[in-house]
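Data file: protein-v5.txt. Format and content: compact mmCIF, N, CA and C atoms.
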# COMPACT_ATOMS: atom_id res chain seq x y z
N MET J 1 43.63 0.42 1.42
CA MET J 1 42.45 1.01 0.84
C MET J 1 41.60 -0.12 0.27
N SER J 2 40.35 -0.18 0.65
CA SER J 2 39.44 -1.23 0.20
C SER J 2 38.97 -0.98 -1.22
N HIS J 3 38.78 -2.05 -1.92
CA HIS J 3 38.22 -2.01 -3.27
C HIS J 3 36.70 -2.09 -3.15
N PHE J 4 35.98 -1.23 -3.88
CA PHE J 4 34.52 -1.27 -3.87
C PHE J 4 34.04 -2.17 -4.99
N THR J 5 33.02 -2.96 -4.70
CA THR J 5 32.41 -3.85 -5.68
C THR J 5 30.99 -3.39 -5.93
N ARG J 6 30.55 -3.52 -7.17
CA ARG J 6 29.19 -3.16 -7.53
C ARG J 6 28.38 -4.44 -7.71
N VAL J 7 27.18 -4.46 -7.13
CA VAL J 7 26.31 -5.63 -7.21
C VAL J 7 24.96 -5.17 -7.75
N ARG J 8 24.55 -5.74 -8.88
CA ARG J 8 23.26 -5.38 -9.48
C ARG J 8 22.11 -5.86 -8.61
N THR J 9 21.05 -5.05 -8.56
CA THR J 9 19.83 -5.45 -7.86
C THR J 9 18.65 -5.19 -8.81
N VAL J 10 17.45 -5.57 -8.39
CA VAL J 10 16.24 -5.26 -9.16
C VAL J 10 15.44 -4.15 -8.48
N LEU J 11 16.02 -3.54 -7.46
CA LEU J 11 15.34 -2.51 -6.69
C LEU J 11 15.33 -1.20 -7.48
N ARG J 12 14.17 -0.52 -7.51
CA ARG J 12 14.01 0.68 -8.32
C ARG J 12 13.59 1.93 -7.56
N ASP J 13 12.85 1.78 -6.49
CA ASP J 13 12.27 2.93 -5.81
C ASP J 13 13.17 3.38 -4.65
N PRO J 14 13.67 4.62 -4.69
CA PRO J 14 14.58 5.07 -3.64
C PRO J 14 13.94 5.13 -2.26
N GLY J 15 12.68 5.50 -2.18
CA GLY J 15 11.99 5.54 -0.88
C GLY J 15 11.84 4.18 -0.27
N LEU J 16 11.47 3.19 -1.10
CA LEU J 16 11.35 1.82 -0.60
C LEU J 16 12.70 1.25 -0.22
N LEU J 17 13.73 1.59 -0.98
CA LEU J 17 15.08 1.12 -0.65
C LEU J 17 15.54 1.71 0.68
N ALA J 18 15.29 2.99 0.91
CA ALA J 18 15.66 3.61 2.19
C ALA J 18 14.89 2.95 3.33
N ALA J 19 13.61 2.65 3.12
CA ALA J 19 12.81 1.97 4.15
C ALA J 19 13.36 0.57 4.42
N ALA J 20 13.76 -0.13 3.37
CA ALA J 20 14.32 -1.47 3.54
C ALA J 20 15.64 -1.42 4.31
N LEU J 21 16.46 -0.43 4.02
CA LEU J 21 17.72 -0.28 4.76
C LEU J 21 17.46 0.05 6.22
N ALA J 22 16.42 0.82 6.50
CA ALA J 22 16.05 1.11 7.88
C ALA J 22 15.62 -0.17 8.58
N THR J 23 14.84 -1.00 7.89
CA THR J 23 14.42 -2.29 8.45
C THR J 23 15.63 -3.18 8.71
N ALA J 24 16.65 -3.05 7.87
CA ALA J 24 17.87 -3.85 8.02
C ALA J 24 18.77 -3.31 9.14
N GLY J 25 18.34 -2.23 9.82
CA GLY J 25 19.08 -1.75 10.96
C GLY J 25 19.78 -0.42 10.81
N PHE J 26 19.64 0.22 9.67
CA PHE J 26 20.30 1.52 9.46
C PHE J 26 19.29 2.64 9.62
N GLU J 27 19.38 3.35 10.74
CA GLU J 27 18.42 4.42 11.01
C GLU J 27 18.70 5.66 10.18
N ALA J 28 19.96 5.90 9.85
CA ALA J 28 20.34 7.09 9.10
C ALA J 28 20.71 6.70 7.67
N VAL J 29 19.75 6.88 6.76
CA VAL J 29 19.97 6.58 5.34
C VAL J 29 19.78 7.88 4.57
N GLU J 30 20.79 8.25 3.80
CA GLU J 30 20.71 9.46 2.98
C GLU J 30 20.12 9.12 1.61
N THR J 31 19.24 9.97 1.13
CA THR J 31 18.73 9.84 -0.24
C THR J 31 19.00 11.16 -0.96
N HIS J 32 19.54 11.05 -2.16
CA HIS J 32 19.91 12.24 -2.95
C HIS J 32 19.38 12.10 -4.36
N GLU J 33 19.06 13.21 -4.98
CA GLU J 33 18.63 13.22 -6.37
C GLU J 33 19.80 12.95 -7.31
N THR J 34 20.97 13.43 -6.95
CA THR J 34 22.17 13.22 -7.76
C THR J 34 23.19 12.43 -6.95
N PRO J 35 24.05 11.68 -7.62
CA PRO J 35 25.05 10.87 -6.90
C PRO J 35 26.00 11.73 -6.07
N GLN J 36 26.27 11.24 -4.85
CA GLN J 36 27.18 11.92 -3.93
C GLN J 36 28.40 11.04 -3.67
N THR J 37 29.46 11.64 -3.23
CA THR J 37 30.72 10.94 -2.98
C THR J 37 30.58 9.94 -1.84
N LEU J 38 31.17 8.76 -2.04
CA LEU J 38 31.30 7.77 -0.97
C LEU J 38 32.68 7.95 -0.33
N TYR J 39 32.77 7.60 0.96
CA TYR J 39 34.02 7.77 1.70
C TYR J 39 34.52 6.43 2.22
N GLY J 40 35.84 6.29 2.23
CA GLY J 40 36.48 5.09 2.73
C GLY J 40 36.60 5.13 4.25
N TYR J 41 37.16 4.07 4.81
CA TYR J 41 37.24 3.94 6.26
C TYR J 41 38.11 4.99 6.92
N ARG J 42 38.99 5.60 6.17
CA ARG J 42 39.85 6.66 6.72
C ARG J 42 39.23 8.05 6.55
N GLY J 43 38.04 8.09 5.98
CA GLY J 43 37.40 9.38 5.71
C GLY J 43 37.83 9.98 4.39
N ASP J 44 38.53 9.20 3.59
CA ASP J 44 39.01 9.68 2.29
C ASP J 44 37.90 9.57 1.24
N ALA J 45 37.78 10.62 0.43
CA ALA J 45 36.79 10.61 -0.65
C ALA J 45 37.20 9.57 -1.68
N ARG J 46 36.24 8.77 -2.09
CA ARG J 46 36.48 7.74 -3.10
C ARG J 46 35.86 8.18 -4.42
N PRO J 47 36.27 7.60 -5.53
CA PRO J 47 35.68 8.01 -6.81
C PRO J 47 34.24 7.51 -6.98
N GLU J 48 33.83 6.53 -6.19
CA GLU J 48 32.48 5.98 -6.29
C GLU J 48 31.47 6.98 -5.75
N ARG J 49 30.30 7.03 -6.41
CA ARG J 49 29.23 7.95 -6.02
C ARG J 49 27.92 7.18 -6.01
N ALA J 50 26.97 7.65 -5.20
CA ALA J 50 25.69 6.95 -5.08
C ALA J 50 24.59 7.93 -4.65
N GLU J 51 23.36 7.55 -4.96
CA GLU J 51 22.20 8.37 -4.57
C GLU J 51 21.65 7.97 -3.20
N ILE J 52 21.75 6.70 -2.84
CA ILE J 52 21.30 6.21 -1.54
C ILE J 52 22.56 5.80 -0.78
N ILE J 53 22.74 6.37 0.43
CA ILE J 53 24.01 6.16 1.14
C ILE J 53 23.77 5.88 2.62
N VAL J 54 24.49 4.87 3.11
CA VAL J 54 24.61 4.66 4.55
C VAL J 54 26.06 5.02 4.86
N ARG J 55 26.25 6.06 5.62
CA ARG J 55 27.61 6.54 5.92
C ARG J 55 28.33 5.57 6.84
N ARG J 56 29.63 5.53 6.71
CA ARG J 56 30.49 4.56 7.40
C ARG J 56 30.33 4.59 8.90
N ARG J 57 30.04 5.73 9.50
CA ARG J 57 29.87 5.81 10.96
C ARG J 57 28.68 4.99 11.42
N HIS J 58 27.72 4.71 10.51
CA HIS J 58 26.54 3.91 10.84
C HIS J 58 26.72 2.44 10.45
N VAL J 59 27.77 2.16 9.68
CA VAL J 59 28.02 0.79 9.20
C VAL J 59 28.86 0.02 10.20
N GLY J 60 29.94 0.62 10.64
CA GLY J 60 30.84 -0.05 11.57
C GLY J 60 32.10 0.75 11.76
N ARG J 61 32.81 0.43 12.78
CA ARG J 61 33.96 1.23 13.20
C ARG J 61 35.03 1.39 12.11
N ALA J 62 35.40 0.34 11.43
CA ALA J 62 36.44 0.41 10.41
C ALA J 62 35.85 0.24 9.01
N SER J 63 34.60 0.60 8.85
CA SER J 63 33.90 0.37 7.59
C SER J 63 33.98 1.55 6.65
N ASN J 64 33.54 1.30 5.44
CA ASN J 64 33.42 2.31 4.39
C ASN J 64 31.93 2.61 4.22
N ASP J 65 31.62 3.70 3.51
CA ASP J 65 30.23 3.97 3.18
C ASP J 65 29.67 2.83 2.34
N ILE J 66 28.38 2.58 2.47
CA ILE J 66 27.66 1.66 1.58
C ILE J 66 26.74 2.52 0.74
N GLY J 67 26.80 2.32 -0.56
CA GLY J 67 25.98 3.14 -1.45
C GLY J 67 25.16 2.31 -2.42
N PHE J 68 24.13 2.95 -2.95
CA PHE J 68 23.30 2.36 -4.00
C PHE J 68 23.18 3.42 -5.09
N ARG J 69 23.66 3.08 -6.27
CA ARG J 69 23.67 4.00 -7.39
C ARG J 69 22.68 3.54 -8.45
N ARG J 70 21.93 4.50 -8.99
CA ARG J 70 20.95 4.18 -10.02
C ARG J 70 21.67 3.88 -11.34
N SER J 71 21.30 2.76 -11.95
CA SER J 71 21.85 2.35 -13.24
C SER J 71 21.01 2.95 -14.36
N ALA J 72 21.49 2.82 -15.57
CA ALA J 72 20.78 3.36 -16.74
C ALA J 72 19.39 2.75 -16.89
N ASP J 73 19.20 1.50 -16.46
CA ASP J 73 17.88 0.85 -16.60
C ASP J 73 16.93 1.19 -15.45
N GLY J 74 17.36 2.04 -14.51
CA GLY J 74 16.49 2.47 -13.41
C GLY J 74 16.64 1.67 -12.13
N THR J 75 17.36 0.55 -12.18
CA THR J 75 17.59 -0.23 -10.96
C THR J 75 18.79 0.34 -10.21
N PHE J 76 18.89 -0.04 -8.96
CA PHE J 76 20.03 0.39 -8.15
C PHE J 76 21.05 -0.74 -8.08
N GLU J 77 22.32 -0.35 -8.11
CA GLU J 77 23.37 -1.32 -7.84
C GLU J 77 24.02 -0.95 -6.51
N ALA J 78 24.28 -1.97 -5.71
CA ALA J 78 24.92 -1.76 -4.42
C ALA J 78 26.41 -1.57 -4.63
N ILE J 79 26.98 -0.64 -3.91
CA ILE J 79 28.43 -0.39 -3.93
C ILE J 79 28.93 -0.65 -2.52
N ILE J 80 29.64 -1.77 -2.36
CA ILE J 80 30.07 -2.23 -1.04
C ILE J 80 31.55 -2.57 -1.11
N SER J 81 32.30 -2.12 -0.12
CA SER J 81 33.74 -2.37 -0.12
C SER J 81 34.03 -3.85 0.11
N GLU J 82 35.21 -4.24 -0.31
CA GLU J 82 35.66 -5.62 -0.12
C GLU J 82 35.65 -5.98 1.36
N TYR J 83 36.07 -5.07 2.20
CA TYR J 83 36.09 -5.30 3.65
C TYR J 83 34.67 -5.53 4.18
N ASP J 84 33.73 -4.71 3.76
CA ASP J 84 32.37 -4.77 4.28
C ASP J 84 31.54 -5.90 3.69
N ARG J 85 31.97 -6.49 2.59
CA ARG J 85 31.21 -7.59 1.98
C ARG J 85 31.13 -8.81 2.88
N ALA J 86 32.07 -8.96 3.80
CA ALA J 86 32.00 -10.09 4.73
C ALA J 86 30.71 -10.03 5.54
N ARG J 87 30.29 -8.84 5.91
CA ARG J 87 29.07 -8.67 6.71
C ARG J 87 27.87 -8.27 5.86
N TYR J 88 28.12 -7.50 4.80
CA TYR J 88 27.05 -6.97 3.97
C TYR J 88 27.16 -7.51 2.54
N GLY J 89 27.16 -8.83 2.46
CA GLY J 89 27.29 -9.51 1.18
C GLY J 89 25.95 -9.98 0.64
N PRO J 90 25.95 -11.08 -0.12
CA PRO J 90 24.73 -11.56 -0.77
C PRO J 90 23.58 -11.88 0.19
N ALA J 91 23.85 -12.48 1.33
CA ALA J 91 22.77 -12.82 2.27
C ALA J 91 22.13 -11.54 2.81
N TRP J 92 22.94 -10.55 3.12
CA TRP J 92 22.41 -9.27 3.60
C TRP J 92 21.60 -8.58 2.51
N LEU J 93 22.11 -8.59 1.27
CA LEU J 93 21.36 -7.98 0.17
C LEU J 93 20.03 -8.68 -0.05
N ALA J 94 19.99 -9.99 0.16
CA ALA J 94 18.72 -10.72 0.04
C ALA J 94 17.74 -10.27 1.13
N ARG J 95 18.24 -10.02 2.34
CA ARG J 95 17.37 -9.52 3.41
C ARG J 95 16.85 -8.12 3.08
N VAL J 96 17.70 -7.29 2.52
CA VAL J 96 17.28 -5.95 2.11
C VAL J 96 16.21 -6.06 1.02
N ALA J 97 16.40 -6.97 0.07
CA ALA J 97 15.41 -7.15 -1.01
C ALA J 97 14.07 -7.63 -0.44
N ARG J 98 14.09 -8.52 0.55
CA ARG J 98 12.83 -8.96 1.19
C ARG J 98 12.16 -7.81 1.92
N ALA J 99 12.94 -7.00 2.62
CA ALA J 99 12.38 -5.84 3.33
C ALA J 99 11.81 -4.83 2.33
N TYR J 100 12.47 -4.70 1.19
CA TYR J 100 11.98 -3.83 0.11
C TYR J 100 10.62 -4.33 -0.39
N GLY J 101 10.51 -5.63 -0.61
CA GLY J 101 9.25 -6.22 -1.05
C GLY J 101 8.13 -6.00 -0.04
N HIS J 102 8.45 -6.14 1.23
CA HIS J 102 7.46 -5.92 2.29
C HIS J 102 7.01 -4.46 2.29
N ALA J 103 7.96 -3.53 2.19
CA ALA J 103 7.62 -2.11 2.15
C ALA J 103 6.77 -1.79 0.91
N ALA J 104 7.08 -2.44 -0.21
CA ALA J 104 6.30 -2.23 -1.44
C ALA J 104 4.87 -2.74 -1.27
N ALA J 105 4.71 -3.88 -0.61
CA ALA J 105 3.37 -4.43 -0.38
C ALA J 105 2.56 -3.52 0.53
N LEU J 106 3.20 -2.99 1.57
CA LEU J 106 2.50 -2.07 2.48
C LEU J 106 2.10 -0.78 1.76
N ARG J 107 2.98 -0.28 0.90
CA ARG J 107 2.64 0.92 0.13
C ARG J 107 1.47 0.64 -0.80
N TYR J 108 1.49 -0.49 -1.47
CA TYR J 108 0.40 -0.87 -2.36
C TYR J 108 -0.91 -0.94 -1.58
N ALA J 109 -0.86 -1.56 -0.43
CA ALA J 109 -2.07 -1.69 0.39
C ALA J 109 -2.63 -0.32 0.74
N GLU J 110 -1.77 0.56 1.18
CA GLU J 110 -2.22 1.90 1.56
C GLU J 110 -2.78 2.65 0.35
N ASP J 111 -2.09 2.57 -0.77
CA ASP J 111 -2.53 3.28 -1.98
C ASP J 111 -3.85 2.76 -2.54
N HIS J 112 -4.19 1.52 -2.24
CA HIS J 112 -5.38 0.90 -2.82
C HIS J 112 -6.48 0.60 -1.79
N GLY J 113 -6.39 1.22 -0.63
CA GLY J 113 -7.46 1.13 0.34
C GLY J 113 -7.53 -0.15 1.15
N TYR J 114 -6.43 -0.88 1.22
CA TYR J 114 -6.39 -2.09 2.04
C TYR J 114 -5.90 -1.74 3.44
N GLU J 115 -6.27 -2.56 4.39
CA GLU J 115 -5.69 -2.46 5.72
C GLU J 115 -4.98 -3.78 6.02
N VAL J 116 -4.01 -3.70 6.88
CA VAL J 116 -3.24 -4.89 7.24
C VAL J 116 -4.02 -5.66 8.31
N ALA J 117 -4.47 -6.85 7.94
CA ALA J 117 -5.17 -7.72 8.89
C ALA J 117 -4.16 -8.41 9.80
N SER J 118 -3.05 -8.85 9.24
CA SER J 118 -1.97 -9.43 10.04
C SER J 118 -0.67 -9.37 9.25
N ASP J 119 0.40 -9.32 9.99
CA ASP J 119 1.74 -9.24 9.41
C ASP J 119 2.65 -10.02 10.36
N THR J 120 2.94 -11.27 10.01
CA THR J 120 3.70 -12.14 10.89
C THR J 120 4.90 -12.74 10.17
N VAL J 121 5.88 -13.08 10.98
CA VAL J 121 7.05 -13.78 10.47
C VAL J 121 6.99 -15.20 11.03
N GLU J 122 6.98 -16.18 10.14
CA GLU J 122 6.90 -17.59 10.55
C GLU J 122 8.25 -18.04 11.12
N ARG J 123 8.26 -19.21 11.73
CA ARG J 123 9.50 -19.76 12.30
C ARG J 123 10.59 -19.94 11.26
N ASP J 124 10.20 -20.30 10.03
CA ASP J 124 11.19 -20.52 8.98
C ASP J 124 11.66 -19.22 8.33
N GLY J 125 11.17 -18.06 8.85
CA GLY J 125 11.58 -16.77 8.32
C GLY J 125 10.65 -16.23 7.26
N GLU J 126 9.72 -17.06 6.80
CA GLU J 126 8.76 -16.60 5.78
C GLU J 126 7.84 -15.56 6.41
N ARG J 127 7.57 -14.52 5.66
CA ARG J 127 6.70 -13.45 6.15
C ARG J 127 5.32 -13.63 5.53
N ARG J 128 4.30 -13.52 6.36
CA ARG J 128 2.92 -13.68 5.89
C ARG J 128 2.18 -12.37 6.17
N LEU J 129 1.74 -11.73 5.09
CA LEU J 129 1.04 -10.46 5.16
C LEU J 129 -0.37 -10.68 4.64
N ILE J 130 -1.36 -10.42 5.46
CA ILE J 130 -2.74 -10.56 5.05
C ILE J 130 -3.38 -9.19 5.04
N LEU J 131 -3.91 -8.82 3.87
CA LEU J 131 -4.55 -7.52 3.68
C LEU J 131 -6.04 -7.72 3.48
N ARG J 132 -6.82 -6.71 3.86
CA ARG J 132 -8.26 -6.79 3.60
C ARG J 132 -8.75 -5.40 3.24
N ARG J 133 -9.82 -5.43 2.47
CA ARG J 133 -10.45 -4.17 2.06
C ARG J 133 -11.95 -4.37 2.09
N TYR J 134 -12.62 -3.46 2.70
CA TYR J 134 -14.07 -3.51 2.75
C TYR J 134 -14.64 -2.62 1.66
N THR J 135 -15.58 -3.15 0.91
CA THR J 135 -16.18 -2.36 -0.16
C THR J 135 -17.63 -2.12 0.08
Rewrite the structure of this file - the entire thing - as C-alpha cells.
Amino acid sequence: MSHFTRVRTVLRDPGLLAAALATAGFEAVETHETPQTLYGYRGDARPERAEIIVRRRHVGRASNDIGFRRSADGTFEAIISEYDRARYGPAWLARVARAYGHAAALRYAEDHGYEVASDTVERDGERRLILRRYT
C-alpha cells in the first residue's frame, strides 16, 4: 500500500487548476465542492480526500488517484502517492503551476477585453504571451 504525501502549492482557483491538469495531459479531471475519497492502486478507498481529482485509471496502470485538497488558507495541496511521485513529483508540479499561470493570464485577458496577439513557447521552454486591446 503506497503512502500518500501532501505537497503545498500556491494554486487557489479550482477551475484554473483543472485547466492546468488538462494541459499537463489529464483529460478527465474531477472537481468537487466537498472533498471526495481518493483510491489506491488496488481500488481500495484511502483516508485521503480531495476536491480536485485525477482518478488512477487516467494516471497509470498501477497508479493511485492524484488529488488536490483545499487548505485552510485557500491554496490547494497536492496529494500524491509515494509510487507516483517518481513521475508526478516536483518537476511535474512546476509544469502544472506554469500551466496554471498561463490559464490565469488567458482568463485575465478575456475578462479585461484583451485578445491574444501571440502565444509561443521558446526553445528554452519559456512561454511568451502577447496580449493587445484596442480602445
Residues of range 59-106 of chain J in strand (DSSP E) according to DSSP, as a PyMOL selection string? chain J and resi 66-70+76-81
Selected residues written out, N, CA and C atoms, as a CSV table (one decimal), in the frame of the given file:
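Listing of result02.csv after writing:
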chain,number,residue,atom,x,y,z
J,66,ILE,N,28.4,2.6,2.5
J,66,ILE,CA,27.7,1.7,1.6
J,66,ILE,C,26.7,2.5,0.7
J,67,GLY,N,26.8,2.3,-0.6
J,67,GLY,CA,26.0,3.1,-1.4
J,67,GLY,C,25.2,2.3,-2.4
J,68,PHE,N,24.1,3.0,-3.0
J,68,PHE,CA,23.3,2.4,-4.0
J,68,PHE,C,23.2,3.4,-5.1
J,69,ARG,N,23.7,3.1,-6.3
J,69,ARG,CA,23.7,4.0,-7.4
J,69,ARG,C,22.7,3.5,-8.4
J,70,ARG,N,21.9,4.5,-9.0
J,70,ARG,CA,21.0,4.2,-10.0
J,70,ARG,C,21.7,3.9,-11.3
J,76,PHE,N,18.9,0.0,-9.0
J,76,PHE,CA,20.0,0.4,-8.2
J,76,PHE,C,21.0,-0.7,-8.1
J,77,GLU,N,22.3,-0.4,-8.1
J,77,GLU,CA,23.4,-1.3,-7.8
J,77,GLU,C,24.0,-1.0,-6.5
J,78,ALA,N,24.3,-2.0,-5.7
J,78,ALA,CA,24.9,-1.8,-4.4
J,78,ALA,C,26.4,-1.6,-4.6
J,79,ILE,N,27.0,-0.6,-3.9
J,79,ILE,CA,28.4,-0.4,-3.9
J,79,ILE,C,28.9,-0.6,-2.5
J,80,ILE,N,29.6,-1.8,-2.4
J,80,ILE,CA,30.1,-2.2,-1.0
J,80,ILE,C,31.6,-2.6,-1.1
J,81,SER,N,32.3,-2.1,-0.1
J,81,SER,CA,33.7,-2.4,-0.1
J,81,SER,C,34.0,-3.8,0.1
Which residues, written as a count of residues only, have at least one atom at most 8 Å from range 8-25 of chain J, with only N, CA and C atoms counted and residues fewer than 4 positions away on the same chain left out? 26
What are the DSSP alpha helix (DSSP H) residues of chain J, as a PyMOL selection string? chain J and resi 14-23+56-59+90-111
Interatomic distance, CA of Arg123 in chain J to atom N of Ala94 in chain J (Å, one decimal):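 Separating CA of Arg123 in chain J from atom N of Ala94 in chain J is a distance of 18.8 Å.
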For Arg133 in chain J, which of J:Arg87, J:His112, J:Arg55, J:Arg42 is the closest residue, counting only N, CA and C atoms?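 Counting only N, CA and C atoms, the residue closest to Arg133 in chain J is J:His112.
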Quick one: distance from atom N of Glu126 in chain J to CA of Tyr108 in chain J in Å, one decimal?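 Straight-line distance from atom N of Glu126 in chain J to CA of Tyr108 in chain J works out to 20.8 Å.
Note that atom C of Glu33 in chain J and atom C of Arg57 in chain J are 22.2 Å apart.
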Provide range 10-19 of chain J rebuilt to all heavy atoms, formatted as a short mmCIF file (atom, residue, chain, number, x, y, z; two decimals), keeping the file's coordinate frame.
data_model
loop_
_atom_site.label_atom_id
_atom_site.label_comp_id
_atom_site.auth_asym_id
_atom_site.auth_seq_id
_atom_site.Cartn_x
_atom_site.Cartn_y
_atom_site.Cartn_z
N VAL J 10 17.45 -5.57 -8.39
CA VAL J 10 16.24 -5.26 -9.16
C VAL J 10 15.44 -4.15 -8.48
O VAL J 10 14.32 -3.86 -8.89
CB VAL J 10 15.36 -6.52 -9.36
CG1 VAL J 10 16.09 -7.56 -10.19
CG2 VAL J 10 14.94 -7.10 -8.02
N LEU J 11 16.02 -3.54 -7.46
CA LEU J 11 15.34 -2.51 -6.69
C LEU J 11 15.33 -1.20 -7.48
O LEU J 11 16.34 -0.80 -8.04
CB LEU J 11 16.03 -2.33 -5.35
CG LEU J 11 16.32 -3.63 -4.58
CD1 LEU J 11 17.07 -3.34 -3.30
CD2 LEU J 11 15.05 -4.41 -4.33
N ARG J 12 14.17 -0.52 -7.51
CA ARG J 12 14.01 0.68 -8.32
C ARG J 12 13.59 1.93 -7.56
O ARG J 12 13.91 3.03 -7.97
CB ARG J 12 12.97 0.44 -9.42
CG ARG J 12 13.37 -0.57 -10.44
CD ARG J 12 12.29 -0.73 -11.52
NE ARG J 12 12.76 -1.58 -12.57
CZ ARG J 12 13.50 -1.20 -13.59
NH1 ARG J 12 13.85 0.06 -13.71
NH2 ARG J 12 13.90 -2.05 -14.50
N ASP J 13 12.85 1.78 -6.49
CA ASP J 13 12.27 2.93 -5.81
C ASP J 13 13.17 3.38 -4.65
O ASP J 13 13.40 2.62 -3.71
CB ASP J 13 10.88 2.55 -5.29
CG ASP J 13 10.16 3.71 -4.66
OD1 ASP J 13 10.56 4.13 -3.55
OD2 ASP J 13 9.20 4.21 -5.27
N PRO J 14 13.67 4.62 -4.69
CA PRO J 14 14.58 5.07 -3.64
C PRO J 14 13.94 5.13 -2.26
O PRO J 14 14.58 4.82 -1.25
CB PRO J 14 15.04 6.45 -4.10
CG PRO J 14 14.07 6.88 -5.12
CD PRO J 14 13.47 5.65 -5.72
N GLY J 15 12.68 5.50 -2.18
CA GLY J 15 11.99 5.54 -0.88
C GLY J 15 11.84 4.18 -0.27
O GLY J 15 12.05 3.99 0.94
N LEU J 16 11.47 3.19 -1.10
CA LEU J 16 11.35 1.82 -0.60
C LEU J 16 12.70 1.25 -0.22
O LEU J 16 12.81 0.53 0.77
CB LEU J 16 10.67 0.93 -1.65
CG LEU J 16 9.20 1.26 -1.95
CD1 LEU J 16 8.69 0.39 -3.09
CD2 LEU J 16 8.34 1.09 -0.71
N LEU J 17 13.73 1.59 -0.98
CA LEU J 17 15.08 1.12 -0.65
C LEU J 17 15.54 1.71 0.68
O LEU J 17 16.07 0.99 1.53
CB LEU J 17 16.06 1.48 -1.77
CG LEU J 17 17.52 1.11 -1.54
CD1 LEU J 17 17.70 -0.36 -1.18
CD2 LEU J 17 18.34 1.46 -2.78
N ALA J 18 15.29 2.99 0.91
CA ALA J 18 15.66 3.61 2.19
C ALA J 18 14.89 2.95 3.33
O ALA J 18 15.46 2.68 4.39
CB ALA J 18 15.39 5.11 2.14
N ALA J 19 13.61 2.65 3.12
CA ALA J 19 12.81 1.97 4.15
C ALA J 19 13.36 0.57 4.42
O ALA J 19 13.43 0.14 5.58
CB ALA J 19 11.35 1.89 3.72
#
